[in-house]
Every structure is written in structure tokens, then in C-alpha cells.
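K.L.:
As input, take data.tsv (TSV, C-alpha atoms):
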chain	number	residue	atom	x	y	z
A	217	VAL	CA	-1.78	20.19	41.00
A	218	PRO	CA	-1.60	17.03	38.86
A	219	ASP	CA	0.05	14.04	40.47
A	220	PRO	CA	3.65	13.54	39.34
A	221	VAL	CA	4.54	10.76	36.92
A	222	VAL	CA	6.63	8.05	38.48
A	223	SER	CA	9.38	7.06	36.05
A	224	VAL	CA	9.82	3.41	35.17
A	225	THR	CA	13.22	2.02	34.23
A	226	THR	CA	13.64	-1.15	32.24
A	227	ALA	CA	16.46	-2.99	30.50
A	228	THR	CA	14.81	-2.61	27.10
A	229	ALA	CA	16.38	-0.81	24.15
A	230	ALA	CA	16.42	2.98	24.09
A	231	PHE	CA	13.14	4.63	23.19
A	232	LYS	CA	12.92	5.73	19.58
A	233	PRO	CA	11.60	9.29	19.46
A	234	GLN	CA	8.49	9.74	17.35
A	235	PRO	CA	6.26	12.77	16.73
A	236	THR	CA	3.30	11.12	18.41
A	237	SER	CA	2.14	13.94	20.67
A	238	ARG	CA	-1.35	15.20	19.93
A	239	ILE	CA	-0.11	18.76	20.26
A	240	MET	CA	2.89	18.13	18.01
A	241	GLY	CA	1.59	15.84	15.36
A	242	LEU	CA	-2.15	15.73	14.82
A	243	PHE	CA	-2.44	18.44	12.21
A	244	ARG	CA	1.18	18.81	11.14
A	245	SER	CA	2.72	16.93	8.23
A	246	LYS	CA	6.39	17.16	9.25
A	247	ALA	CA	8.38	17.45	12.47
A	248	VAL	CA	11.88	17.07	13.87
A	249	THR	CA	12.27	14.71	16.81
A	250	ALA	CA	14.76	14.99	19.67
A	251	ASP	CA	17.28	12.78	17.86
A	252	GLY	CA	17.35	15.22	14.92
A	253	LYS	CA	15.46	13.02	12.48
A	254	LEU	CA	13.00	14.63	10.11
A	255	TRP	CA	9.59	12.95	10.10
A	256	PHE	CA	6.81	13.33	7.55
A	257	LYS	CA	3.19	12.27	7.77
A	258	ASP	CA	1.58	10.66	4.73
A	259	ASN	CA	-1.95	9.25	4.73
A	260	GLY	CA	-2.17	9.82	8.47
A	261	GLU	CA	1.03	7.90	9.26
A	262	TRP	CA	4.38	9.22	10.46
A	263	GLY	CA	7.67	8.03	8.99
A	264	THR	CA	11.30	8.97	8.44
A	265	TYR	CA	12.71	10.07	5.09
A	266	GLU	CA	15.92	9.15	3.28
A	267	GLY	CA	16.76	10.38	-0.20
A	268	ASP	CA	17.44	13.44	-2.30
A	269	PRO	CA	17.97	16.72	-0.42
A	270	LEU	CA	14.89	18.64	0.70
A	271	ASP	CA	14.09	21.94	-1.00
A	272	SER	CA	14.35	25.36	0.67
A	273	ASN	CA	10.96	24.86	2.31
A	274	GLY	CA	11.97	21.54	3.83
A	275	ASP	CA	9.78	19.57	1.40
A	276	ARG	CA	10.64	16.33	-0.37
A	277	GLN	CA	11.57	16.65	-4.03
A	278	GLY	CA	13.12	13.92	-6.19
A	279	ASN	CA	13.66	10.30	-5.24
A	280	GLY	CA	13.57	8.92	-1.73
A	281	LYS	CA	12.29	6.33	0.69
A	282	MET	CA	9.82	6.66	3.54
A	283	THR	CA	9.86	4.15	6.40
A	284	TYR	CA	6.74	4.43	8.54
A	285	SER	CA	6.21	3.56	12.19
A	286	SER	CA	4.01	0.61	11.21
A	287	GLY	CA	6.79	-0.97	9.15
A	288	ASN	CA	5.21	0.09	5.85
A	289	THR	CA	7.53	1.70	3.28
A	290	TYR	CA	7.29	3.79	0.13
A	291	GLU	CA	10.15	4.08	-2.34
A	292	GLY	CA	9.89	6.33	-5.37
A	293	GLY	CA	9.62	9.93	-6.44
A	294	PHE	CA	8.25	13.02	-4.73
A	295	VAL	CA	7.03	16.33	-6.11
A	296	ASN	CA	6.01	19.09	-3.70
A	297	ASN	CA	6.11	16.66	-0.80
A	298	LYS	CA	3.73	14.13	-2.42
A	299	TYR	CA	4.28	10.74	-4.04
A	300	ASN	CA	4.79	11.48	-7.72
A	301	CYS	CA	6.64	9.26	-10.21
A	302	GLU	CA	6.30	6.73	-13.01
A	303	LYS	CA	7.15	3.80	-10.76
A	304	GLY	CA	6.81	3.92	-7.00
A	305	ILE	CA	6.56	0.90	-4.71
A	306	TYR	CA	4.51	0.91	-1.53
A	307	LYS	CA	5.07	-2.10	0.75
A	308	TRP	CA	2.96	-3.03	3.72
A	309	ALA	CA	4.57	-4.67	6.74
A	310	ASP	CA	2.54	-7.83	6.11
A	311	GLY	CA	4.14	-8.36	2.69
A	312	GLU	CA	1.55	-6.80	0.37
A	313	THR	CA	2.90	-4.43	-2.29
A	314	PHE	CA	1.65	-1.91	-4.82
A	315	GLU	CA	3.79	-0.92	-7.79
A	316	GLY	CA	2.96	1.68	-10.39
A	317	PRO	CA	2.71	5.38	-11.26
A	318	TRP	CA	1.77	8.05	-8.71
A	319	LYS	CA	0.49	11.60	-9.14
A	320	ASP	CA	-0.21	14.18	-6.42
A	321	GLY	CA	0.11	11.51	-3.75
A	322	GLU	CA	-2.37	9.11	-5.39
A	323	ARG	CA	-2.04	5.97	-7.46
A	324	ASP	CA	-2.51	7.18	-11.02
A	325	GLY	CA	-1.52	5.30	-14.16
A	326	ALA	CA	-2.57	2.80	-16.81
A	327	VAL	CA	-0.48	-0.11	-15.51
A	328	CYS	CA	-0.54	-0.79	-11.77
A	329	ILE	CA	0.33	-4.06	-10.04
A	330	TYR	CA	-0.89	-5.10	-6.62
A	331	ARG	CA	0.63	-8.20	-5.04
A	332	ASN	CA	-1.18	-9.86	-2.19
A	333	ALA	CA	0.85	-11.32	0.69
A	334	ASP	CA	-0.59	-14.77	-0.09
A	335	GLY	CA	0.31	-14.55	-3.76
A	336	GLY	CA	-2.78	-13.10	-5.44
A	337	VAL	CA	-1.95	-10.51	-8.10
A	338	GLU	CA	-4.05	-7.70	-9.56
A	339	TYR	CA	-3.43	-5.68	-12.71
A	340	SER	CA	-5.46	-2.49	-12.89
A	341	GLY	CA	-5.38	1.10	-14.07
A	342	TYR	CA	-5.87	3.90	-11.55
A	343	VAL	CA	-7.02	7.50	-11.84
A	344	ALA	CA	-6.71	9.78	-8.81
A	345	GLY	CA	-6.44	6.79	-6.48
A	346	GLN	CA	-9.41	4.86	-7.85
A	347	ALA	CA	-9.26	1.66	-9.90
A	348	THR	CA	-10.67	2.46	-13.34
A	349	GLY	CA	-11.69	0.32	-16.30
A	350	GLU	CA	-10.91	-3.34	-16.86
A	351	GLY	CA	-8.54	-5.24	-14.63
A	352	ILE	CA	-7.53	-8.79	-13.74
A	353	PHE	CA	-7.07	-10.62	-10.47
A	354	TRP	CA	-5.35	-14.02	-10.25
A	355	ASP	CA	-5.54	-16.49	-7.40
A	356	PRO	CA	-2.10	-17.50	-6.05
A	357	ASP	CA	-1.92	-20.66	-8.16
A	358	ARG	CA	-2.88	-18.67	-11.33
A	359	LYS	CA	-5.40	-21.35	-12.25
A	360	THR	CA	-8.33	-19.01	-11.61
A	361	ALA	CA	-8.60	-15.41	-12.76
A	362	TYR	CA	-11.31	-12.81	-12.34
A	363	LYS	CA	-12.29	-9.90	-14.52
A	364	LEU	CA	-12.41	-6.59	-12.67
A	365	LEU	CA	-14.32	-3.46	-13.61
A	366	ASN	CA	-13.44	-0.30	-11.69
A	367	GLY	CA	-11.85	-2.47	-9.05
A	368	GLU	CA	-14.85	-4.74	-8.53
A	369	GLN	CA	-15.01	-8.44	-9.44
A	370	LYS	CA	-17.31	-9.10	-12.38
A	371	GLY	CA	-16.78	-12.74	-13.25
A	372	VAL	CA	-14.33	-15.55	-13.88
A	373	LEU	CA	-11.92	-15.46	-16.81
A	374	SER	CA	-10.46	-18.49	-18.52
A	375	PRO	CA	-6.65	-18.70	-18.30
A	376	ALA	CA	-6.42	-17.92	-22.02
A	377	ALA	CA	-8.71	-14.89	-21.75
A	378	ALA	CA	-6.79	-13.59	-18.73
A	379	GLU	CA	-3.48	-13.98	-20.53
A	380	LYS	CA	-4.85	-12.18	-23.59
A	381	LEU	CA	-6.21	-9.27	-21.54
A	382	ALA	CA	-2.96	-8.96	-19.59
A	383	LYS	CA	-0.94	-8.73	-22.80
A	384	GLU	CA	-3.27	-6.44	-24.76
A	385	LYS	CA	-4.22	-3.99	-21.99
A	386	PHE	CA	-1.23	-4.02	-19.67
A	387	ASN	CA	1.57	-5.42	-21.89
A	388	LEU	CA	2.42	-7.81	-19.07
A	389	PRO	CA	2.69	-11.61	-18.87
A	390	VAL	CA	0.71	-13.76	-16.47
A	391	PRO	CA	2.53	-13.59	-13.11
A	392	ASP	CA	4.39	-16.69	-11.99
A	393	PRO	CA	2.31	-18.95	-9.73
A	394	VAL	CA	3.00	-19.26	-6.04
A	395	VAL	CA	4.37	-22.67	-5.11
A	396	SER	CA	2.13	-24.07	-2.39
A	397	ALA	CA	3.65	-25.23	0.88
A	398	THR	CA	3.88	-28.97	1.53
A	399	THR	CA	3.27	-30.83	4.75
A	400	THR	CA	3.81	-34.41	5.85
A	401	THR	CA	0.64	-36.45	6.28
A	402	ALA	CA	-0.39	-37.67	9.71
A	403	GLY	CA	0.78	-41.21	8.95
A	404	GLY	CA	4.13	-39.97	7.77
A	405	GLY	CA	3.79	-41.89	4.56
A	406	GLY	CA	3.51	-39.08	2.07
A	407	VAL	CA	3.45	-35.39	1.35
A	408	ALA	CA	0.24	-33.48	0.93
A	409	SER	CA	0.05	-30.12	-0.77
A	410	THR	CA	-1.55	-27.33	1.21
A	411	PRO	CA	-4.02	-25.66	-1.14
A	412	PRO	CA	-3.40	-21.93	-1.64
A	413	GLN	CA	-5.83	-19.62	0.10
A	414	LYS	CA	-8.37	-18.06	-2.22
A	415	ILE	CA	-7.93	-14.33	-2.16
A	416	GLU	CA	-10.74	-12.04	-3.28
A	417	PRO	CA	-9.86	-8.66	-4.80
A	418	THR	CA	-11.08	-6.67	-1.79
A	419	SER	CA	-7.75	-5.82	-0.19
A	420	ILE	CA	-6.83	-2.75	1.82
A	421	ILE	CA	-5.20	-1.40	-1.35
A	422	LYS	CA	-8.69	-0.34	-2.48
A	423	ASN	CA	-9.09	2.24	0.26
A	424	PHE	CA	-5.80	2.78	2.10
A	425	PHE	CA	-5.05	6.03	0.32
A	426	SER	CA	-8.64	7.20	0.01
A	427	SER	CA	-10.17	9.78	2.34
A	428	LYS	CA	-13.64	8.25	2.15
A	429	ALA	CA	-15.07	4.79	1.60
A	430	VAL	CA	-18.30	2.83	1.73
A	431	THR	CA	-18.16	-0.34	3.84
A	432	ALA	CA	-20.12	-3.55	3.32
A	433	ASP	CA	-22.89	-2.37	5.64
A	434	VAL	CA	-23.36	0.70	3.38
A	435	LYS	CA	-21.95	3.11	5.96
A	436	LEU	CA	-20.00	6.08	4.61
A	437	TRP	CA	-16.64	6.51	6.33
A	438	PHE	CA	-14.25	9.48	6.18
A	439	LYS	CA	-10.59	9.82	7.20
A	440	ASP	CA	-9.36	13.07	8.77
A	441	ASN	CA	-5.69	13.84	9.44
Render the structure in this file as C-alpha cells.

P.N.:
Amino acid sequence: VPDPVVSVTTATAAFKPQPTSRIMGLFRSKAVTADGKLWFKDNGEWGTYEGDPLDSNGDRQGNGKMTYSSGNTYEGGFVNNKYNCEKGIYKWADGETFEGPWKDGERDGAVCIYRNADGGVEYSGYVAGQATGEGIFWDPDRKTAYKLLNGEQKGVLSPAAAEKLAKEKFNLPVPDPVVSATTTTAGGGGVASTPPQKIEPTSIIKNFFSSKAVTADVKLWFKDN
């Protein structure tokens, strides 16, 4: 007979029920927890749903918001329980965001904007979750821009060339620069600007929603459930 579990009482806040059991949640995509909340699993992550009423099958249809256990959120449209709309916004808990069209749960549209938590910005088109064609990535200060091809950096663009490509391909202006933080010098006699961190276009946005990816060491990775 297995040893009994000794309960532990603490003064912390009440436990928030989550469908984290292996039996309950590994292969399922929705569940109701003890507090009556309906949870859905998207891209392997559980979250709660608020929005338009569910259909007769209990699936999300219309507009709504998902708040995931990690702190990530998605706000936009759903069709047949998948992200699907002209403009949906996915926000990571660390401040990174993706804004653009979605289809069948994947990023899919000609004008997509990814904003890095440190201020870097990418304009790209996506098809079935993959960056496609020409794109642009700006450093936080907007003084340096890179040309992208299928999501990969291919060279530096002049500010004028980046502005021209942004207008002609994406019908968007150059994003506003991030104002760098300032700190007082050691001697206290002046203020020195902290240079913005250089961000390369290799963020998690490239593979978060994908089910397979190739890492830098040329290993092929897959994501199940």
C-alpha cells in the first residue's frame, strides 16, 4: 500500500486549480477545473478563456482572450477552436508581442509585426506559421536595420532603404525608436546614456508555434502535445 501523503498547511493564497494532471491534461485540449473554469490548451499550454459564447460543442468561436498559466496572453478571433482573425495579438509574459493575421491557429498574413521586449521590431509576412519573403528588423534605436529573407537576416539596410521597404511592402512607417535609459556617472557629474542592447532577429517568435525546428547545432526537434 502506498504511503499516505502528509498534508502541508501554509498561510499562502488559495491554490488556483489547473488541469495539470498527466491523466487529465496531457492529450486533451480542454477541461473544466474544480472551480468551474473552462481551460483550453493551445501550443501545449493551458489557459482560461473569456469572450464570445462557446458553440454547442464547447469550442471557441468569435472573439475572445486566452490567459495562459505562464502569463502569456492571446487576444483575437477564433474559428473552430483555433486562432483565426485579421488582427490577433499574442503577448509573452516578458513583454514581447506579435500582432497580425492568424489562420488555423498559425500566423498567416502579409503584414505581421513582432515587437521585442528590448525594443527591436520586425515586419514580416507569414504563411502557415513561417516567415516568408522579404522582411525588416530594426534595432531598438532604429539607427540600424536588417533585411530579412524568410525570417533570416541577410544584410544591413540603410535607414532610407528600410523606410522605403516598410512603406512599399508593408504600408507601415518606421517604428518609433526606444528611448535609452540614463544613468548617473560614477563621479556624479553627468548623465551617461546606456546604449540599447543589440537584438538579433532570432527570437522565440520564430519557433514558438511550430511543431518542429532545427537548432543551431543542426539537431531536428519536434514538439508533441

K.L.:
For Gly351 in chain A, which of A:Lys385, A:Arg244, A:Lys380, A:Lys319 is the closest residue, counting all atoms listed in the file?

P.N.:
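Looking at the shortest contact to Gly351 in chain A, the residue is A:Lys385.
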
K.L.:
Identify the residues around (-8.5, -17.6, -17.1) within a radius of 8 Å, measuring from only C-alpha atoms in the coordinates stated by the file, and give them as a PyMOL selection string.

P.N.:
chain A and resi 359-362+372-379

K.L.:
Mind pulling up the distance from CA of Thr283 in chain A to CA of Thr264 in chain A?

P.N.:
5.4 Å

K.L.:
Closest to Ile329 in chain A among A:Pro391, A:Ala247, A:Glu384, A:Arg276, using only C-alpha atoms?

P.N.:
A:Pro391

K.L.:
Counting all atoms listed in the file, which residue out of A:Tyr339, A:Trp354, A:Phe386, A:Tyr265 sits closest to Asn297 in chain A?

P.N.:
A:Tyr265

K.L.:
Just how far from CA of Lys281 in chain A is CA of Gly252 in chain A, in Å to one decimal?

P.N.:
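Result for CA of Gly252 in chain A versus CA of Lys281 in chain A: 17.5 Å, one decimal.
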
K.L.:
Any idea what the distance is between CA of Asn279 in chain A and CA of Glu312 in chain A?

P.N.:
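CA of Glu312 in chain A lies at a distance of 21.7 Å from CA of Asn279 in chain A.
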
K.L.:
Can you pull out every residue within 12 Å of Gly267 in chain A, counting all atoms listed in the file, but drop anything in the same chain fewer than 4 positions away, and send it as a ChimeraX atom specification?

P.N.:
/A:254,271,275-283,290-294

K.L.:
With only C-alpha atoms as the basis for distance, which of A:Pro356, A:Phe314, A:Ser340, A:Lys246 is at the shortest distance from Gly260 in chain A?

P.N.:
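That would be A:Lys246, the residue with the smallest distance to Gly260 in chain A.
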
K.L.:
List the neighbours of Lys257 in chain A out to 6 Å using all atoms listed in the file; skip same-chain residues closer than 4 positions along the sequence, and give me the result as a list in words.

P.N.:
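Listing them by chain and then by number gives Ser245, Glu261 and Trp262 of chain A.
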
K.L.:
Please tell me which residues are no farther than 9 Å from (3.3, 1.0, -10.0) in the file, counting only C-alpha atoms, and write them as a count of residues only.

P.N.:
18

K.L.:
Tell me which of A:Ala309, A:Ile352, A:Ala333, A:Leu388 sits closest to Gly371 in chain A, counting all atoms listed in the file.

P.N.:
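Of A:Ala309, A:Ile352, A:Ala333, A:Leu388, the one nearest Gly371 in chain A, counting all atoms listed in the file, is A:Ile352.
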
K.L.:
Could you rebuild range 302-328 of chain A with N, CA, C and O atoms and give it back as a PDB file, in the coordinates of the input?

P.N.:
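Heads up, here's the output in out-v9.pdb:
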ATOM      1  N   GLU A 302       6.781   7.737 -12.069  1.00  0.00           N
ATOM      2  CA  GLU A 302       6.300   6.730 -13.010  1.00  0.00           C
ATOM      3  C   GLU A 302       6.276   5.337 -12.398  1.00  0.00           C
ATOM      4  O   GLU A 302       5.502   4.481 -12.813  1.00  0.00           O
ATOM      5  N   LYS A 303       7.125   5.109 -11.396  1.00  0.00           N
ATOM      6  CA  LYS A 303       7.150   3.800 -10.760  1.00  0.00           C
ATOM      7  C   LYS A 303       7.547   3.950  -9.298  1.00  0.00           C
ATOM      8  O   LYS A 303       8.715   4.109  -8.968  1.00  0.00           O
ATOM      9  N   GLY A 304       6.562   3.892  -8.438  1.00  0.00           N
ATOM     10  CA  GLY A 304       6.810   3.920  -7.000  1.00  0.00           C
ATOM     11  C   GLY A 304       6.291   2.631  -6.391  1.00  0.00           C
ATOM     12  O   GLY A 304       5.301   2.064  -6.856  1.00  0.00           O
ATOM     13  N   ILE A 305       6.943   2.164  -5.346  1.00  0.00           N
ATOM     14  CA  ILE A 305       6.560   0.900  -4.710  1.00  0.00           C
ATOM     15  C   ILE A 305       6.187   1.156  -3.253  1.00  0.00           C
ATOM     16  O   ILE A 305       7.007   1.662  -2.475  1.00  0.00           O
ATOM     17  N   TYR A 306       4.955   0.822  -2.918  1.00  0.00           N
ATOM     18  CA  TYR A 306       4.510   0.910  -1.530  1.00  0.00           C
ATOM     19  C   TYR A 306       4.416  -0.522  -0.996  1.00  0.00           C
ATOM     20  O   TYR A 306       3.759  -1.368  -1.586  1.00  0.00           O
ATOM     21  N   LYS A 307       5.082  -0.769   0.141  1.00  0.00           N
ATOM     22  CA  LYS A 307       5.070  -2.100   0.750  1.00  0.00           C
ATOM     23  C   LYS A 307       4.465  -2.018   2.140  1.00  0.00           C
ATOM     24  O   LYS A 307       4.844  -1.169   2.944  1.00  0.00           O
ATOM     25  N   TRP A 308       3.521  -2.909   2.391  1.00  0.00           N
ATOM     26  CA  TRP A 308       2.960  -3.030   3.720  1.00  0.00           C
ATOM     27  C   TRP A 308       3.811  -3.985   4.544  1.00  0.00           C
ATOM     28  O   TRP A 308       4.477  -4.874   4.011  1.00  0.00           O
ATOM     29  N   ALA A 309       3.772  -3.834   5.857  1.00  0.00           N
ATOM     30  CA  ALA A 309       4.570  -4.670   6.740  1.00  0.00           C
ATOM     31  C   ALA A 309       4.199  -6.142   6.640  1.00  0.00           C
ATOM     32  O   ALA A 309       5.014  -7.017   6.939  1.00  0.00           O
ATOM     33  N   ASP A 310       2.966  -6.428   6.212  1.00  0.00           N
ATOM     34  CA  ASP A 310       2.540  -7.830   6.110  1.00  0.00           C
ATOM     35  C   ASP A 310       2.927  -8.489   4.799  1.00  0.00           C
ATOM     36  O   ASP A 310       2.593  -9.638   4.558  1.00  0.00           O
ATOM     37  N   GLY A 311       3.641  -7.767   3.927  1.00  0.00           N
ATOM     38  CA  GLY A 311       4.140  -8.360   2.690  1.00  0.00           C
ATOM     39  C   GLY A 311       3.387  -7.959   1.441  1.00  0.00           C
ATOM     40  O   GLY A 311       3.810  -8.302   0.328  1.00  0.00           O
ATOM     41  N   GLU A 312       2.273  -7.246   1.553  1.00  0.00           N
ATOM     42  CA  GLU A 312       1.550  -6.800   0.370  1.00  0.00           C
ATOM     43  C   GLU A 312       2.278  -5.621  -0.264  1.00  0.00           C
ATOM     44  O   GLU A 312       2.910  -4.815   0.426  1.00  0.00           O
ATOM     45  N   THR A 313       2.208  -5.519  -1.600  1.00  0.00           N
ATOM     46  CA  THR A 313       2.900  -4.430  -2.290  1.00  0.00           C
ATOM     47  C   THR A 313       2.027  -3.858  -3.399  1.00  0.00           C
ATOM     48  O   THR A 313       1.197  -4.548  -3.980  1.00  0.00           O
ATOM     49  N   PHE A 314       2.250  -2.577  -3.666  1.00  0.00           N
ATOM     50  CA  PHE A 314       1.650  -1.910  -4.820  1.00  0.00           C
ATOM     51  C   PHE A 314       2.775  -1.266  -5.605  1.00  0.00           C
ATOM     52  O   PHE A 314       3.645  -0.589  -5.046  1.00  0.00           O
ATOM     53  N   GLU A 315       2.759  -1.466  -6.911  1.00  0.00           N
ATOM     54  CA  GLU A 315       3.790  -0.920  -7.790  1.00  0.00           C
ATOM     55  C   GLU A 315       3.140  -0.254  -8.982  1.00  0.00           C
ATOM     56  O   GLU A 315       2.300  -0.845  -9.653  1.00  0.00           O
ATOM     57  N   GLY A 316       3.534   0.994  -9.243  1.00  0.00           N
ATOM     58  CA  GLY A 316       2.960   1.680 -10.390  1.00  0.00           C
ATOM     59  C   GLY A 316       3.178   3.181 -10.310  1.00  0.00           C
ATOM     60  O   GLY A 316       3.875   3.688  -9.427  1.00  0.00           O
ATOM     61  N   PRO A 317       2.554   3.930 -11.231  1.00  0.00           N
ATOM     62  CA  PRO A 317       2.710   5.380 -11.260  1.00  0.00           C
ATOM     63  C   PRO A 317       1.913   6.057 -10.134  1.00  0.00           C
ATOM     64  O   PRO A 317       0.881   5.546  -9.675  1.00  0.00           O
ATOM     65  N   TRP A 318       2.415   7.229  -9.738  1.00  0.00           N
ATOM     66  CA  TRP A 318       1.770   8.050  -8.710  1.00  0.00           C
ATOM     67  C   TRP A 318       1.699   9.493  -9.201  1.00  0.00           C
ATOM     68  O   TRP A 318       2.593   9.968  -9.891  1.00  0.00           O
ATOM     69  N   LYS A 319       0.645  10.183  -8.792  1.00  0.00           N
ATOM     70  CA  LYS A 319       0.490  11.600  -9.140  1.00  0.00           C
ATOM     71  C   LYS A 319      -0.225  12.309  -7.998  1.00  0.00           C
ATOM     72  O   LYS A 319      -1.291  11.872  -7.557  1.00  0.00           O
ATOM     73  N   ASP A 320       0.376  13.395  -7.517  1.00  0.00           N
ATOM     74  CA  ASP A 320      -0.210  14.180  -6.420  1.00  0.00           C
ATOM     75  C   ASP A 320      -0.560  13.323  -5.215  1.00  0.00           C
ATOM     76  O   ASP A 320      -1.604  13.495  -4.583  1.00  0.00           O
ATOM     77  N   GLY A 321       0.302  12.342  -4.925  1.00  0.00           N
ATOM     78  CA  GLY A 321       0.110  11.510  -3.750  1.00  0.00           C
ATOM     79  C   GLY A 321      -0.846  10.344  -3.931  1.00  0.00           C
ATOM     80  O   GLY A 321      -1.077   9.584  -2.990  1.00  0.00           O
ATOM     81  N   GLU A 322      -1.396  10.173  -5.135  1.00  0.00           N
ATOM     82  CA  GLU A 322      -2.370   9.110  -5.390  1.00  0.00           C
ATOM     83  C   GLU A 322      -1.848   8.149  -6.454  1.00  0.00           C
ATOM     84  O   GLU A 322      -1.075   8.533  -7.332  1.00  0.00           O
ATOM     85  N   ARG A 323      -2.325   6.920  -6.387  1.00  0.00           N
ATOM     86  CA  ARG A 323      -2.040   5.970  -7.460  1.00  0.00           C
ATOM     87  C   ARG A 323      -2.708   6.475  -8.737  1.00  0.00           C
ATOM     88  O   ARG A 323      -3.901   6.780  -8.728  1.00  0.00           O
ATOM     89  N   ASP A 324      -1.949   6.576  -9.808  1.00  0.00           N
ATOM     90  CA  ASP A 324      -2.510   7.180 -11.020  1.00  0.00           C
ATOM     91  C   ASP A 324      -1.698   6.738 -12.234  1.00  0.00           C
ATOM     92  O   ASP A 324      -0.618   7.258 -12.495  1.00  0.00           O
ATOM     93  N   GLY A 325      -2.220   5.762 -12.978  1.00  0.00           N
ATOM     94  CA  GLY A 325      -1.520   5.300 -14.160  1.00  0.00           C
ATOM     95  C   GLY A 325      -2.240   4.135 -14.803  1.00  0.00           C
ATOM     96  O   GLY A 325      -3.112   3.504 -14.195  1.00  0.00           O
ATOM     97  N   ALA A 326      -1.877   3.832 -16.040  1.00  0.00           N
ATOM     98  CA  ALA A 326      -2.570   2.800 -16.810  1.00  0.00           C
ATOM     99  C   ALA A 326      -2.159   1.392 -16.426  1.00  0.00           C
ATOM    100  O   ALA A 326      -2.931   0.445 -16.629  1.00  0.00           O
ATOM    101  N   VAL A 327      -0.965   1.228 -15.847  1.00  0.00           N
ATOM    102  CA  VAL A 327      -0.480  -0.110 -15.510  1.00  0.00           C
ATOM    103  C   VAL A 327      -0.028  -0.118 -14.055  1.00  0.00           C
ATOM    104  O   VAL A 327       1.032   0.416 -13.708  1.00  0.00           O
ATOM    105  N   CYS A 328      -0.843  -0.703 -13.198  1.00  0.00           N
ATOM    106  CA  CYS A 328      -0.540  -0.790 -11.770  1.00  0.00           C
ATOM    107  C   CYS A 328      -0.638  -2.247 -11.341  1.00  0.00           C
ATOM    108  O   CYS A 328      -1.543  -2.968 -11.769  1.00  0.00           O
TER     109      CYS A 328
END
